[in-house]
Amino acid sequence: MATALIAPSILSADFAHLARDLDRIGNADLIHVDVMDGHFTENLTFGPGMVTACKRAASVPLDVHMMVSNPDETIDWYLDAGADMITVHTEASTHLHRTIAHIKDRGAQAGAVLNPATPVGVLEDILPDLDMVLVMSVNPGFGGQRFIDGTYAKLARLRALCEAVGAAPRIEVDGGISAANIAQVAAAGADVFVAGSAVFGASDPTAEVDRLRLLAQEALDARGDVRS
Ligand code: DX5
Ligand code: ZN
């Protein structure tokens, strides 16, 4: 049975009180770190120093989402900084197979990311090599955006493709997830849930992580398929 993982995005944390906010999500399954370069996305966020700082301050594994134009040029910075998992955008990677192999060779988990306009079919030949697929449910760049409803059907297409090729990667969804929709996102096929504003905007982020996980797990249990 699939296990729901909650990955709070520190993009919505208070950077002036980062240690405090990391403590508040000490019960999370992953910490989602949004690396943006000001080119692939118009926004500019964190470099490897942030990953080093999070690694030092938190014991939760780090899920580094690379929204950068030339990921091959900088992936090693983030691996050296302690990333436990790295996801790379299909739209930004020319040699995705080699990039995924490199991340895994360095001992981290590797995932590929799909923007909202990128069809799941581009993953067909790489799916068996992936630990995770990240489906963007907003256009990358900012926290607090509205979940794109077409994501539900896209998740169903991704699950069908995974079955067709005999692959079982984790499926992560990122953008606009909250207690209002997480059960539906889980029912559609996801098992890893990024939540930024929903967690850090809550009066009790620790309780919100537990609440989101419970809602997602109930939906996964009701789905009843077999995934690890
Ligand atoms: C958007 C980022 C997200 C963002 C999610 O480009 O990849 O991880 O932090 O924030 P919310 O959950 O507020 O939509
Ligand atoms: Zn992200």
# chains A, B, ... in the order shown; residues from 1 in each chain; ligands from 1
$ residues_near_ligand --ligand "ligand 1" --cutoff "7 Å" --atoms "only C-alpha atoms and all ligand atoms" --output "list in words"
Ser9, Ile10, Leu11, Ser12, His32, Asp34, His65, Val138, Asn139, Pro140, Gly141, Phe142, Gly143, Gly144, Gln145, Arg146, Asp174, Gly175, Gly176, Ile177, Val194, Ala195, Gly196, Ser197 and Ala198 of chain A
$ write_last_selection --atoms "N, CA and C atoms" --output "PDB file, in the first residue's frame"
ATOM      1  N   SER A   9       7.261  23.052   1.476  1.00  0.00           N
ATOM      2  CA  SER A   9       8.193  23.855   0.680  1.00  0.00           C
ATOM      3  C   SER A   9       8.649  25.050   1.502  1.00  0.00           C
ATOM      4  N   ILE A  10       9.973  25.147   1.700  1.00  0.00           N
ATOM      5  CA  ILE A  10      10.481  26.258   2.523  1.00  0.00           C
ATOM      6  C   ILE A  10      10.424  27.595   1.793  1.00  0.00           C
ATOM      7  N   LEU A  11       9.972  27.561   0.528  1.00  0.00           N
ATOM      8  CA  LEU A  11       9.753  28.831  -0.173  1.00  0.00           C
ATOM      9  C   LEU A  11       8.764  29.706   0.595  1.00  0.00           C
ATOM     10  N   SER A  12       7.858  29.071   1.327  1.00  0.00           N
ATOM     11  CA  SER A  12       6.854  29.832   2.091  1.00  0.00           C
ATOM     12  C   SER A  12       7.247  30.024   3.551  1.00  0.00           C
ATOM     13  N   HIS A  32      11.078  20.254   1.040  1.00  0.00           N
ATOM     14  CA  HIS A  32      11.136  20.598  -0.379  1.00  0.00           C
ATOM     15  C   HIS A  32      11.861  21.934  -0.538  1.00  0.00           C
ATOM     16  N   ASP A  34      13.101  24.680  -3.196  1.00  0.00           N
ATOM     17  CA  ASP A  34      12.860  25.169  -4.560  1.00  0.00           C
ATOM     18  C   ASP A  34      14.025  26.016  -5.044  1.00  0.00           C
ATOM     19  N   HIS A  65      14.230  20.595  -5.666  1.00  0.00           N
ATOM     20  CA  HIS A  65      13.510  20.780  -6.934  1.00  0.00           C
ATOM     21  C   HIS A  65      14.259  21.833  -7.726  1.00  0.00           C
ATOM     22  N   VAL A 138       1.078  23.829 -10.809  1.00  0.00           N
ATOM     23  CA  VAL A 138       1.089  25.268 -11.124  1.00  0.00           C
ATOM     24  C   VAL A 138       2.284  25.474 -12.048  1.00  0.00           C
ATOM     25  N   ASN A 139       2.347  26.628 -12.703  1.00  0.00           N
ATOM     26  CA  ASN A 139       3.564  26.959 -13.446  1.00  0.00           C
ATOM     27  C   ASN A 139       4.634  27.385 -12.444  1.00  0.00           C
ATOM     28  N   PRO A 140       5.860  26.836 -12.588  1.00  0.00           N
ATOM     29  CA  PRO A 140       6.864  27.069 -11.560  1.00  0.00           C
ATOM     30  C   PRO A 140       7.245  28.539 -11.432  1.00  0.00           C
ATOM     31  N   GLY A 141       7.567  28.931 -10.220  1.00  0.00           N
ATOM     32  CA  GLY A 141       8.040  30.288  -9.981  1.00  0.00           C
ATOM     33  C   GLY A 141       7.669  30.842  -8.620  1.00  0.00           C
ATOM     34  N   PHE A 142       6.465  30.572  -8.175  1.00  0.00           N
ATOM     35  CA  PHE A 142       5.994  31.228  -6.952  1.00  0.00           C
ATOM     36  C   PHE A 142       5.108  30.299  -6.123  1.00  0.00           C
ATOM     37  N   GLY A 143       5.137  30.510  -4.811  1.00  0.00           N
ATOM     38  CA  GLY A 143       4.199  29.835  -3.929  1.00  0.00           C
ATOM     39  C   GLY A 143       2.842  30.521  -3.997  1.00  0.00           C
ATOM     40  N   GLY A 144       1.847  29.861  -3.448  1.00  0.00           N
ATOM     41  CA  GLY A 144       0.541  30.484  -3.294  1.00  0.00           C
ATOM     42  C   GLY A 144      -0.299  30.585  -4.547  1.00  0.00           C
ATOM     43  N   GLN A 145       0.051  29.831  -5.600  1.00  0.00           N
ATOM     44  CA  GLN A 145      -0.753  29.880  -6.825  1.00  0.00           C
ATOM     45  C   GLN A 145      -1.898  28.857  -6.750  1.00  0.00           C
ATOM     46  N   ARG A 146      -2.834  29.018  -7.671  1.00  0.00           N
ATOM     47  CA  ARG A 146      -4.024  28.157  -7.693  1.00  0.00           C
ATOM     48  C   ARG A 146      -3.722  26.837  -8.405  1.00  0.00           C
ATOM     49  N   ASP A 174       3.098  19.258  -6.991  1.00  0.00           N
ATOM     50  CA  ASP A 174       3.649  20.496  -6.425  1.00  0.00           C
ATOM     51  C   ASP A 174       2.876  21.706  -6.934  1.00  0.00           C
ATOM     52  N   GLY A 175       2.236  22.403  -6.003  1.00  0.00           N
ATOM     53  CA  GLY A 175       1.593  23.668  -6.331  1.00  0.00           C
ATOM     54  C   GLY A 175       0.116  23.689  -5.997  1.00  0.00           C
ATOM     55  N   GLY A 176      -0.253  24.581  -5.095  1.00  0.00           N
ATOM     56  CA  GLY A 176      -1.669  24.774  -4.792  1.00  0.00           C
ATOM     57  C   GLY A 176      -2.317  23.649  -4.011  1.00  0.00           C
ATOM     58  N   ILE A 177      -1.516  22.869  -3.290  1.00  0.00           N
ATOM     59  CA  ILE A 177      -2.093  21.755  -2.512  1.00  0.00           C
ATOM     60  C   ILE A 177      -2.424  22.229  -1.097  1.00  0.00           C
ATOM     61  N   VAL A 194       3.745  18.219  -2.076  1.00  0.00           N
ATOM     62  CA  VAL A 194       4.428  19.448  -1.684  1.00  0.00           C
ATOM     63  C   VAL A 194       3.365  20.435  -1.218  1.00  0.00           C
ATOM     64  N   ALA A 195       3.645  21.112  -0.139  1.00  0.00           N
ATOM     65  CA  ALA A 195       2.713  22.155   0.318  1.00  0.00           C
ATOM     66  C   ALA A 195       3.524  23.265   0.972  1.00  0.00           C
ATOM     67  N   GLY A 196       3.441  24.446   0.414  1.00  0.00           N
ATOM     68  CA  GLY A 196       4.175  25.584   0.950  1.00  0.00           C
ATOM     69  C   GLY A 196       3.280  26.480   1.766  1.00  0.00           C
ATOM     70  N   SER A 197       2.439  27.246   1.066  1.00  0.00           N
ATOM     71  CA  SER A 197       1.609  28.213   1.784  1.00  0.00           C
ATOM     72  C   SER A 197       0.610  27.533   2.719  1.00  0.00           C
ATOM     73  N   ALA A 198       0.146  26.338   2.351  1.00  0.00           N
ATOM     74  CA  ALA A 198      -0.834  25.657   3.218  1.00  0.00           C
ATOM     75  C   ALA A 198      -0.213  25.294   4.561  1.00  0.00           C
TER      76      ALA A 198
END
$ residues_around --residues "stretch 79-87 of chain A" --least-positions-apart "3" --cutoff "7 Å" --atoms "only C-alpha atoms" --output "PyMOL selection string"
chain A and resi 48+51-52+55+61-66+75-76+108-113
$ closest_residue --among "A:Leu158, A:Ala117, A:Met67, A:His89" --to "A:Leu44" --atoms "only C-alpha atoms"
A:Met67
$ select_by_dssp --residues "chain A" --states "helix (DSSP H, G or I)" --output "short mmCIF file (atom, residue, chain, number, x, y, z; two decimals) with N, CA and C atoms, in the first residue's frame"
data_model
loop_
_atom_site.label_atom_id
_atom_site.label_comp_id
_atom_site.auth_asym_id
_atom_site.auth_seq_id
_atom_site.Cartn_x
_atom_site.Cartn_y
_atom_site.Cartn_z
N ILE A 10 9.97 25.15 1.70
CA ILE A 10 10.48 26.26 2.52
C ILE A 10 10.42 27.60 1.79
N LEU A 11 9.97 27.56 0.53
CA LEU A 11 9.75 28.83 -0.17
C LEU A 11 8.76 29.71 0.60
N SER A 12 7.86 29.07 1.33
CA SER A 12 6.85 29.83 2.09
C SER A 12 7.25 30.02 3.55
N PHE A 15 12.21 33.41 6.05
CA PHE A 15 13.66 33.23 5.92
C PHE A 15 14.42 33.86 7.08
N ALA A 16 13.82 34.81 7.74
CA ALA A 16 14.47 35.44 8.89
C ALA A 16 14.37 34.56 10.14
N HIS A 17 13.52 33.53 10.05
CA HIS A 17 13.35 32.61 11.18
C HIS A 17 13.34 31.17 10.66
N LEU A 18 14.32 30.87 9.83
CA LEU A 18 14.30 29.58 9.14
C LEU A 18 14.47 28.41 10.12
N ALA A 19 15.36 28.53 11.09
CA ALA A 19 15.56 27.43 12.04
C ALA A 19 14.26 27.14 12.79
N ARG A 20 13.58 28.20 13.19
CA ARG A 20 12.29 28.03 13.88
C ARG A 20 11.30 27.32 12.99
N ASP A 21 11.24 27.75 11.72
CA ASP A 21 10.26 27.14 10.81
C ASP A 21 10.63 25.70 10.46
N LEU A 22 11.91 25.40 10.35
CA LEU A 22 12.32 24.00 10.12
C LEU A 22 11.92 23.13 11.32
N ASP A 23 12.08 23.67 12.52
CA ASP A 23 11.66 22.92 13.72
C ASP A 23 10.16 22.64 13.68
N ARG A 24 9.41 23.60 13.18
CA ARG A 24 7.95 23.44 13.15
C ARG A 24 7.51 22.35 12.19
N PRO A 48 23.18 26.45 -3.30
CA PRO A 48 23.57 25.28 -2.49
C PRO A 48 23.78 25.62 -1.02
N GLY A 49 24.10 26.88 -0.71
CA GLY A 49 24.28 27.26 0.69
C GLY A 49 23.02 27.02 1.50
N MET A 50 21.87 27.20 0.89
CA MET A 50 20.62 26.96 1.59
C MET A 50 20.45 25.47 1.90
N VAL A 51 20.86 24.63 0.94
CA VAL A 51 20.77 23.18 1.17
C VAL A 51 21.71 22.77 2.30
N THR A 52 22.91 23.33 2.31
CA THR A 52 23.86 23.04 3.40
C THR A 52 23.26 23.45 4.75
N ALA A 53 22.64 24.63 4.77
CA ALA A 53 22.07 25.13 6.03
C ALA A 53 20.92 24.24 6.50
N CYS A 54 20.06 23.83 5.57
CA CYS A 54 18.93 22.97 5.94
C CYS A 54 19.43 21.60 6.42
N LYS A 55 20.48 21.11 5.75
CA LYS A 55 21.03 19.81 6.13
C LYS A 55 21.53 19.85 7.57
N ARG A 56 22.14 20.97 7.90
CA ARG A 56 22.70 21.12 9.25
C ARG A 56 21.59 21.27 10.29
N ALA A 57 20.51 21.96 9.91
CA ALA A 57 19.50 22.33 10.90
C ALA A 57 18.36 21.32 11.02
N PRO A 71 20.69 22.32 -15.65
CA PRO A 71 20.88 21.59 -14.39
C PRO A 71 22.21 20.84 -14.31
N ASP A 72 22.70 20.34 -15.44
CA ASP A 72 23.95 19.56 -15.39
C ASP A 72 25.13 20.39 -14.86
N GLU A 73 25.06 21.70 -15.07
CA GLU A 73 26.17 22.55 -14.65
C GLU A 73 26.26 22.70 -13.13
N THR A 74 25.13 22.50 -12.44
CA THR A 74 25.14 22.81 -11.00
C THR A 74 24.64 21.67 -10.10
N ILE A 75 24.23 20.57 -10.69
CA ILE A 75 23.68 19.49 -9.86
C ILE A 75 24.65 19.04 -8.78
N ASP A 76 25.92 18.97 -9.11
CA ASP A 76 26.89 18.49 -8.11
C ASP A 76 26.98 19.41 -6.90
N TRP A 77 26.72 20.70 -7.11
CA TRP A 77 26.73 21.60 -5.95
C TRP A 77 25.70 21.14 -4.90
N TYR A 78 24.55 20.75 -5.40
CA TYR A 78 23.45 20.40 -4.49
C TYR A 78 23.65 19.00 -3.90
N LEU A 79 24.24 18.11 -4.68
CA LEU A 79 24.58 16.80 -4.15
C LEU A 79 25.64 16.94 -3.06
N ASP A 80 26.66 17.76 -3.33
CA ASP A 80 27.71 18.00 -2.33
C ASP A 80 27.13 18.63 -1.07
N LEU A 96 18.58 13.96 -20.30
CA LEU A 96 17.94 13.59 -19.04
C LEU A 96 18.40 12.22 -18.55
N HIS A 97 18.56 11.26 -19.46
CA HIS A 97 18.98 9.92 -19.04
C HIS A 97 20.31 9.98 -18.31
N ARG A 98 21.25 10.72 -18.88
CA ARG A 98 22.58 10.84 -18.27
C ARG A 98 22.50 11.58 -16.93
N THR A 99 21.67 12.59 -16.88
CA THR A 99 21.53 13.37 -15.65
C THR A 99 20.95 12.52 -14.52
N ILE A 100 19.91 11.76 -14.85
CA ILE A 100 19.30 10.89 -13.84
C ILE A 100 20.31 9.84 -13.36
N ALA A 101 21.05 9.26 -14.29
CA ALA A 101 22.05 8.25 -13.92
C ALA A 101 23.11 8.87 -13.01
N HIS A 102 23.49 10.10 -13.30
CA HIS A 102 24.52 10.77 -12.50
C HIS A 102 24.04 10.98 -11.06
N ILE A 103 22.81 11.44 -10.91
CA ILE A 103 22.26 11.68 -9.56
C ILE A 103 22.26 10.37 -8.78
N LYS A 104 21.84 9.30 -9.43
CA LYS A 104 21.78 8.02 -8.73
C LYS A 104 23.18 7.48 -8.42
N ASP A 105 24.10 7.67 -9.34
CA ASP A 105 25.49 7.24 -9.10
C ASP A 105 26.08 7.93 -7.87
N VAL A 120 2.75 13.68 -20.33
CA VAL A 120 3.41 12.59 -19.60
C VAL A 120 4.20 11.68 -20.53
N GLY A 121 3.82 11.64 -21.81
CA GLY A 121 4.46 10.73 -22.76
C GLY A 121 5.96 10.94 -22.92
N VAL A 122 6.47 12.13 -22.62
CA VAL A 122 7.91 12.36 -22.76
C VAL A 122 8.71 11.50 -21.79
N LEU A 123 8.03 10.95 -20.78
CA LEU A 123 8.74 10.15 -19.78
C LEU A 123 8.80 8.67 -20.13
N LEU A 127 11.00 6.32 -17.58
CA LEU A 127 10.25 5.97 -16.37
C LEU A 127 10.88 4.86 -15.54
N PRO A 128 11.37 3.79 -16.15
CA PRO A 128 11.94 2.71 -15.32
C PRO A 128 13.17 3.14 -14.52
N ASP A 129 13.80 4.24 -14.91
CA ASP A 129 15.00 4.71 -14.22
C ASP A 129 14.70 5.71 -13.11
N THR A 151 -4.63 18.80 -13.73
CA THR A 151 -3.64 17.89 -13.12
C THR A 151 -4.27 16.54 -12.77
N TYR A 152 -5.54 16.53 -12.40
CA TYR A 152 -6.16 15.25 -12.01
C TYR A 152 -6.12 14.25 -13.17
N ALA A 153 -6.53 14.71 -14.34
CA ALA A 153 -6.53 13.82 -15.51
C ALA A 153 -5.10 13.45 -15.91
N LYS A 154 -4.20 14.40 -15.73
CA LYS A 154 -2.80 14.12 -16.06
C LYS A 154 -2.23 13.02 -15.16
N LEU A 155 -2.59 13.06 -13.89
CA LEU A 155 -2.13 12.02 -12.95
C LEU A 155 -2.66 10.65 -13.37
N ALA A 156 -3.88 10.62 -13.81
CA ALA A 156 -4.45 9.34 -14.28
C ALA A 156 -3.68 8.84 -15.51
N ARG A 157 -3.33 9.76 -16.41
CA ARG A 157 -2.55 9.34 -17.60
C ARG A 157 -1.16 8.86 -17.19
N LEU A 158 -0.58 9.50 -16.20
CA LEU A 158 0.76 9.09 -15.74
C LEU A 158 0.70 7.70 -15.09
N ARG A 159 -0.31 7.47 -14.28
CA ARG A 159 -0.44 6.14 -13.67
C ARG A 159 -0.61 5.06 -14.74
N ALA A 160 -1.40 5.37 -15.75
CA ALA A 160 -1.61 4.40 -16.83
C ALA A 160 -0.30 4.12 -17.56
N LEU A 161 0.48 5.16 -17.79
CA LEU A 161 1.77 4.99 -18.47
C LEU A 161 2.72 4.15 -17.60
N CYS A 162 2.75 4.43 -16.30
CA CYS A 162 3.60 3.64 -15.39
C CYS A 162 3.21 2.16 -15.47
N GLU A 163 1.94 1.89 -15.45
CA GLU A 163 1.49 0.50 -15.55
C GLU A 163 1.90 -0.11 -16.87
N ALA A 164 1.76 0.65 -17.94
CA ALA A 164 2.07 0.14 -19.28
C ALA A 164 3.54 -0.24 -19.42
N VAL A 165 4.42 0.53 -18.77
CA VAL A 165 5.85 0.23 -18.91
C VAL A 165 6.38 -0.56 -17.70
N ILE A 182 -6.15 17.83 -1.13
CA ILE A 182 -5.11 16.80 -1.09
C ILE A 182 -5.69 15.39 -1.24
N ALA A 183 -6.87 15.15 -0.73
CA ALA A 183 -7.46 13.81 -0.86
C ALA A 183 -7.76 13.51 -2.33
N GLN A 184 -8.25 14.51 -3.04
CA GLN A 184 -8.55 14.30 -4.46
C GLN A 184 -7.27 14.09 -5.27
N VAL A 185 -6.20 14.79 -4.89
CA VAL A 185 -4.91 14.62 -5.57
C VAL A 185 -4.37 13.22 -5.32
N ALA A 186 -4.52 12.74 -4.11
CA ALA A 186 -4.08 11.38 -3.78
C ALA A 186 -4.92 10.35 -4.53
N ALA A 187 -6.21 10.57 -4.56
CA ALA A 187 -7.09 9.63 -5.26
C ALA A 187 -6.76 9.55 -6.74
N ALA A 188 -6.25 10.67 -7.29
CA ALA A 188 -5.92 10.70 -8.72
C ALA A 188 -4.60 10.03 -9.03
N SER A 197 2.44 27.25 1.07
CA SER A 197 1.61 28.21 1.78
C SER A 197 0.61 27.53 2.72
N ALA A 198 0.15 26.34 2.35
CA ALA A 198 -0.83 25.66 3.22
C ALA A 198 -0.21 25.29 4.56
N VAL A 199 1.08 24.93 4.56
CA VAL A 199 1.74 24.54 5.81
C VAL A 199 2.19 25.78 6.59
N PHE A 200 2.97 26.65 5.92
CA PHE A 200 3.54 27.77 6.67
C PHE A 200 2.54 28.90 6.91
N PRO A 205 1.87 24.89 11.92
CA PRO A 205 2.39 24.10 10.80
C PRO A 205 2.59 22.63 11.12
N THR A 206 2.99 22.31 12.33
CA THR A 206 3.20 20.91 12.71
C THR A 206 1.89 20.13 12.59
N ALA A 207 0.84 20.69 13.15
CA ALA A 207 -0.47 20.04 13.08
C ALA A 207 -0.96 19.95 11.64
N GLU A 208 -0.64 20.97 10.84
CA GLU A 208 -1.09 20.97 9.44
C GLU A 208 -0.42 19.86 8.65
N VAL A 209 0.86 19.61 8.91
CA VAL A 209 1.55 18.50 8.24
C VAL A 209 0.85 17.18 8.58
N ASP A 210 0.54 16.99 9.85
CA ASP A 210 -0.14 15.74 10.26
C ASP A 210 -1.53 15.65 9.64
N ARG A 211 -2.22 16.77 9.58
CA ARG A 211 -3.58 16.76 9.01
C ARG A 211 -3.54 16.43 7.52
N LEU A 212 -2.60 17.04 6.80
CA LEU A 212 -2.49 16.77 5.35
C LEU A 212 -2.14 15.30 5.12
N ARG A 213 -1.20 14.77 5.93
CA ARG A 213 -0.80 13.37 5.75
C ARG A 213 -1.97 12.42 5.98
N LEU A 214 -2.76 12.71 7.00
CA LEU A 214 -3.91 11.85 7.31
C LEU A 214 -4.93 11.87 6.18
N LEU A 215 -5.23 13.06 5.69
CA LEU A 215 -6.20 13.18 4.58
C LEU A 215 -5.69 12.43 3.34
N ALA A 216 -4.40 12.58 3.05
CA ALA A 216 -3.84 11.91 1.87
C ALA A 216 -3.82 10.41 2.06
N GLN A 217 -3.43 9.97 3.27
CA GLN A 217 -3.32 8.52 3.50
C GLN A 217 -4.68 7.84 3.42
N GLU A 218 -5.69 8.50 3.94
CA GLU A 218 -7.05 7.92 3.84
C GLU A 218 -7.45 7.73 2.38
N ALA A 219 -7.11 8.71 1.56
CA ALA A 219 -7.46 8.60 0.13
C ALA A 219 -6.63 7.51 -0.55
N LEU A 220 -5.36 7.40 -0.16
CA LEU A 220 -4.52 6.35 -0.75
C LEU A 220 -5.03 4.97 -0.34
N ASP A 221 -5.42 4.84 0.91
CA ASP A 221 -5.92 3.54 1.39
C ASP A 221 -7.20 3.18 0.64
N ALA A 222 -8.02 4.18 0.39
CA ALA A 222 -9.27 3.92 -0.35
C ALA A 222 -8.98 3.55 -1.80
N ARG A 223 -7.86 4.07 -2.34
CA ARG A 223 -7.48 3.76 -3.72
C ARG A 223 -7.14 2.28 -3.85
#
$ closest_residue --among "A:Met136, A:Phe193, A:Asp131, A:Ile148" --to "A:Thr118" --atoms "only C-alpha atoms"
A:Met136
$ closest_residue --among "A:Gly26, A:Gly38, A:Gly166, A:Pro8" --to "ligand 2" --atoms "only C-alpha atoms and all ligand atoms"
A:Pro8
$ closest_residue --among "A:Ile25, A:Val173, A:Arg106, A:Ile126" --to "ligand 2" --atoms "only C-alpha atoms and all ligand atoms"
A:Val173
$ select_by_dssp --residues "stretch 11-218 of chain A" --states "strand (DSSP E)" --output "VMD selection string"
chain A and resid 31 to 36 62 to 67 85 to 89 109 to 114 132 to 136 170 to 174 192 to 195
$ write_last_selection --atoms "N, CA, C and O atoms" --output "compact mmCIF listing (two decimals), in the first residue's frame"
# COMPACT_ATOMS: atom_id res chain seq x y z
N ILE A 31 11.79 17.70 3.18
CA ILE A 31 11.76 19.17 3.09
C ILE A 31 12.01 19.52 1.63
O ILE A 31 13.01 19.10 1.03
N HIS A 32 11.08 20.25 1.04
CA HIS A 32 11.14 20.60 -0.38
C HIS A 32 11.86 21.93 -0.54
O HIS A 32 11.42 22.96 0.02
N VAL A 33 12.97 21.92 -1.29
CA VAL A 33 13.79 23.12 -1.47
C VAL A 33 13.70 23.54 -2.94
O VAL A 33 14.16 22.82 -3.85
N ASP A 34 13.10 24.68 -3.20
CA ASP A 34 12.86 25.17 -4.56
C ASP A 34 14.02 26.02 -5.04
O ASP A 34 14.15 27.18 -4.67
N VAL A 35 14.86 25.43 -5.89
CA VAL A 35 16.00 26.15 -6.46
C VAL A 35 15.55 26.79 -7.78
O VAL A 35 15.16 26.09 -8.72
N MET A 36 15.57 28.12 -7.84
CA MET A 36 15.17 28.85 -9.06
C MET A 36 16.29 29.80 -9.45
O MET A 36 16.89 30.45 -8.59
N LEU A 62 16.14 15.95 2.36
CA LEU A 62 15.94 17.14 1.53
C LEU A 62 15.61 16.76 0.09
O LEU A 62 16.34 16.02 -0.57
N ASP A 63 14.50 17.29 -0.38
CA ASP A 63 13.96 17.06 -1.73
C ASP A 63 14.21 18.35 -2.52
O ASP A 63 13.51 19.34 -2.35
N VAL A 64 15.26 18.34 -3.34
CA VAL A 64 15.68 19.56 -4.04
C VAL A 64 15.07 19.60 -5.44
O VAL A 64 15.35 18.73 -6.28
N HIS A 65 14.23 20.60 -5.67
CA HIS A 65 13.51 20.78 -6.93
C HIS A 65 14.26 21.83 -7.73
O HIS A 65 14.22 23.02 -7.40
N MET A 66 14.94 21.39 -8.80
CA MET A 66 15.80 22.30 -9.55
C MET A 66 15.06 22.94 -10.72
O MET A 66 14.83 22.30 -11.73
N MET A 67 14.70 24.19 -10.55
CA MET A 67 14.06 24.95 -11.62
C MET A 67 15.13 25.86 -12.22
O MET A 67 15.14 27.08 -12.01
N MET A 85 17.48 13.91 -2.49
CA MET A 85 16.68 13.65 -3.68
C MET A 85 16.74 14.89 -4.56
O MET A 85 16.65 16.01 -4.05
N ILE A 86 16.91 14.68 -5.86
CA ILE A 86 16.94 15.84 -6.77
C ILE A 86 15.97 15.57 -7.91
O ILE A 86 15.98 14.49 -8.51
N THR A 87 15.14 16.56 -8.20
CA THR A 87 14.26 16.45 -9.36
C THR A 87 14.65 17.53 -10.37
O THR A 87 14.93 18.67 -10.01
N VAL A 88 14.66 17.12 -11.65
CA VAL A 88 15.12 17.97 -12.75
C VAL A 88 13.99 18.12 -13.76
O VAL A 88 13.33 17.13 -14.12
N HIS A 89 13.80 19.33 -14.26
CA HIS A 89 12.74 19.55 -15.25
C HIS A 89 13.09 18.93 -16.60
O HIS A 89 14.19 19.14 -17.12
N GLN A 109 18.42 10.03 -4.63
CA GLN A 109 17.29 9.61 -5.45
C GLN A 109 17.07 10.65 -6.55
O GLN A 109 17.36 11.83 -6.36
N ALA A 110 16.54 10.17 -7.69
CA ALA A 110 16.44 11.04 -8.87
C ALA A 110 15.01 11.07 -9.39
O ALA A 110 14.35 10.03 -9.48
N GLY A 111 14.58 12.27 -9.77
CA GLY A 111 13.24 12.40 -10.33
C GLY A 111 13.23 13.37 -11.51
O GLY A 111 14.12 14.19 -11.67
N ALA A 112 12.19 13.23 -12.33
CA ALA A 112 11.98 14.13 -13.46
C ALA A 112 10.70 14.92 -13.21
O ALA A 112 9.73 14.39 -12.64
N VAL A 113 10.70 16.18 -13.65
CA VAL A 113 9.57 17.08 -13.41
C VAL A 113 8.89 17.44 -14.73
O VAL A 113 9.57 17.67 -15.74
N LEU A 114 7.57 17.50 -14.69
CA LEU A 114 6.78 17.92 -15.84
C LEU A 114 6.08 19.24 -15.53
O LEU A 114 5.31 19.34 -14.56
N MET A 132 11.23 9.01 -8.83
CA MET A 132 10.05 9.84 -8.63
C MET A 132 9.75 10.66 -9.89
O MET A 132 10.65 11.00 -10.64
N VAL A 133 8.47 10.90 -10.12
CA VAL A 133 8.03 11.88 -11.12
C VAL A 133 7.35 13.01 -10.36
O VAL A 133 6.51 12.76 -9.49
N LEU A 134 7.74 14.24 -10.68
CA LEU A 134 7.10 15.41 -10.07
C LEU A 134 6.20 16.07 -11.11
O LEU A 134 6.69 16.53 -12.16
N VAL A 135 4.92 16.09 -10.82
CA VAL A 135 3.95 16.73 -11.71
C VAL A 135 3.64 18.12 -11.16
O VAL A 135 3.13 18.25 -10.03
N MET A 136 3.99 19.15 -11.94
CA MET A 136 3.68 20.52 -11.50
C MET A 136 2.19 20.79 -11.68
O MET A 136 1.64 20.62 -12.77
N ARG A 170 7.62 6.93 -7.29
CA ARG A 170 6.80 7.82 -6.49
C ARG A 170 6.24 8.91 -7.40
O ARG A 170 6.90 9.32 -8.36
N ILE A 171 5.03 9.38 -7.12
CA ILE A 171 4.46 10.48 -7.90
C ILE A 171 4.20 11.65 -6.96
O ILE A 171 3.40 11.54 -6.02
N GLU A 172 4.92 12.74 -7.22
CA GLU A 172 4.85 13.94 -6.38
C GLU A 172 4.07 15.02 -7.13
O GLU A 172 4.20 15.13 -8.36
N VAL A 173 3.30 15.77 -6.41
CA VAL A 173 2.56 16.90 -7.01
C VAL A 173 2.94 18.17 -6.25
O VAL A 173 3.10 18.15 -5.02
N ASP A 174 3.10 19.26 -6.99
CA ASP A 174 3.65 20.50 -6.42
C ASP A 174 2.88 21.71 -6.93
O ASP A 174 2.89 21.99 -8.13
N VAL A 192 3.25 11.74 -3.03
CA VAL A 192 4.13 12.71 -2.37
C VAL A 192 3.54 14.10 -2.64
O VAL A 192 3.24 14.43 -3.79
N PHE A 193 3.38 14.88 -1.58
CA PHE A 193 2.61 16.11 -1.68
C PHE A 193 3.44 17.29 -1.16
O PHE A 193 3.78 17.35 0.02
N VAL A 194 3.74 18.22 -2.08
CA VAL A 194 4.43 19.45 -1.68
C VAL A 194 3.36 20.44 -1.22
O VAL A 194 2.32 20.56 -1.86
N ALA A 195 3.65 21.11 -0.14
CA ALA A 195 2.71 22.16 0.32
C ALA A 195 3.52 23.26 0.97
O ALA A 195 4.24 23.02 1.95
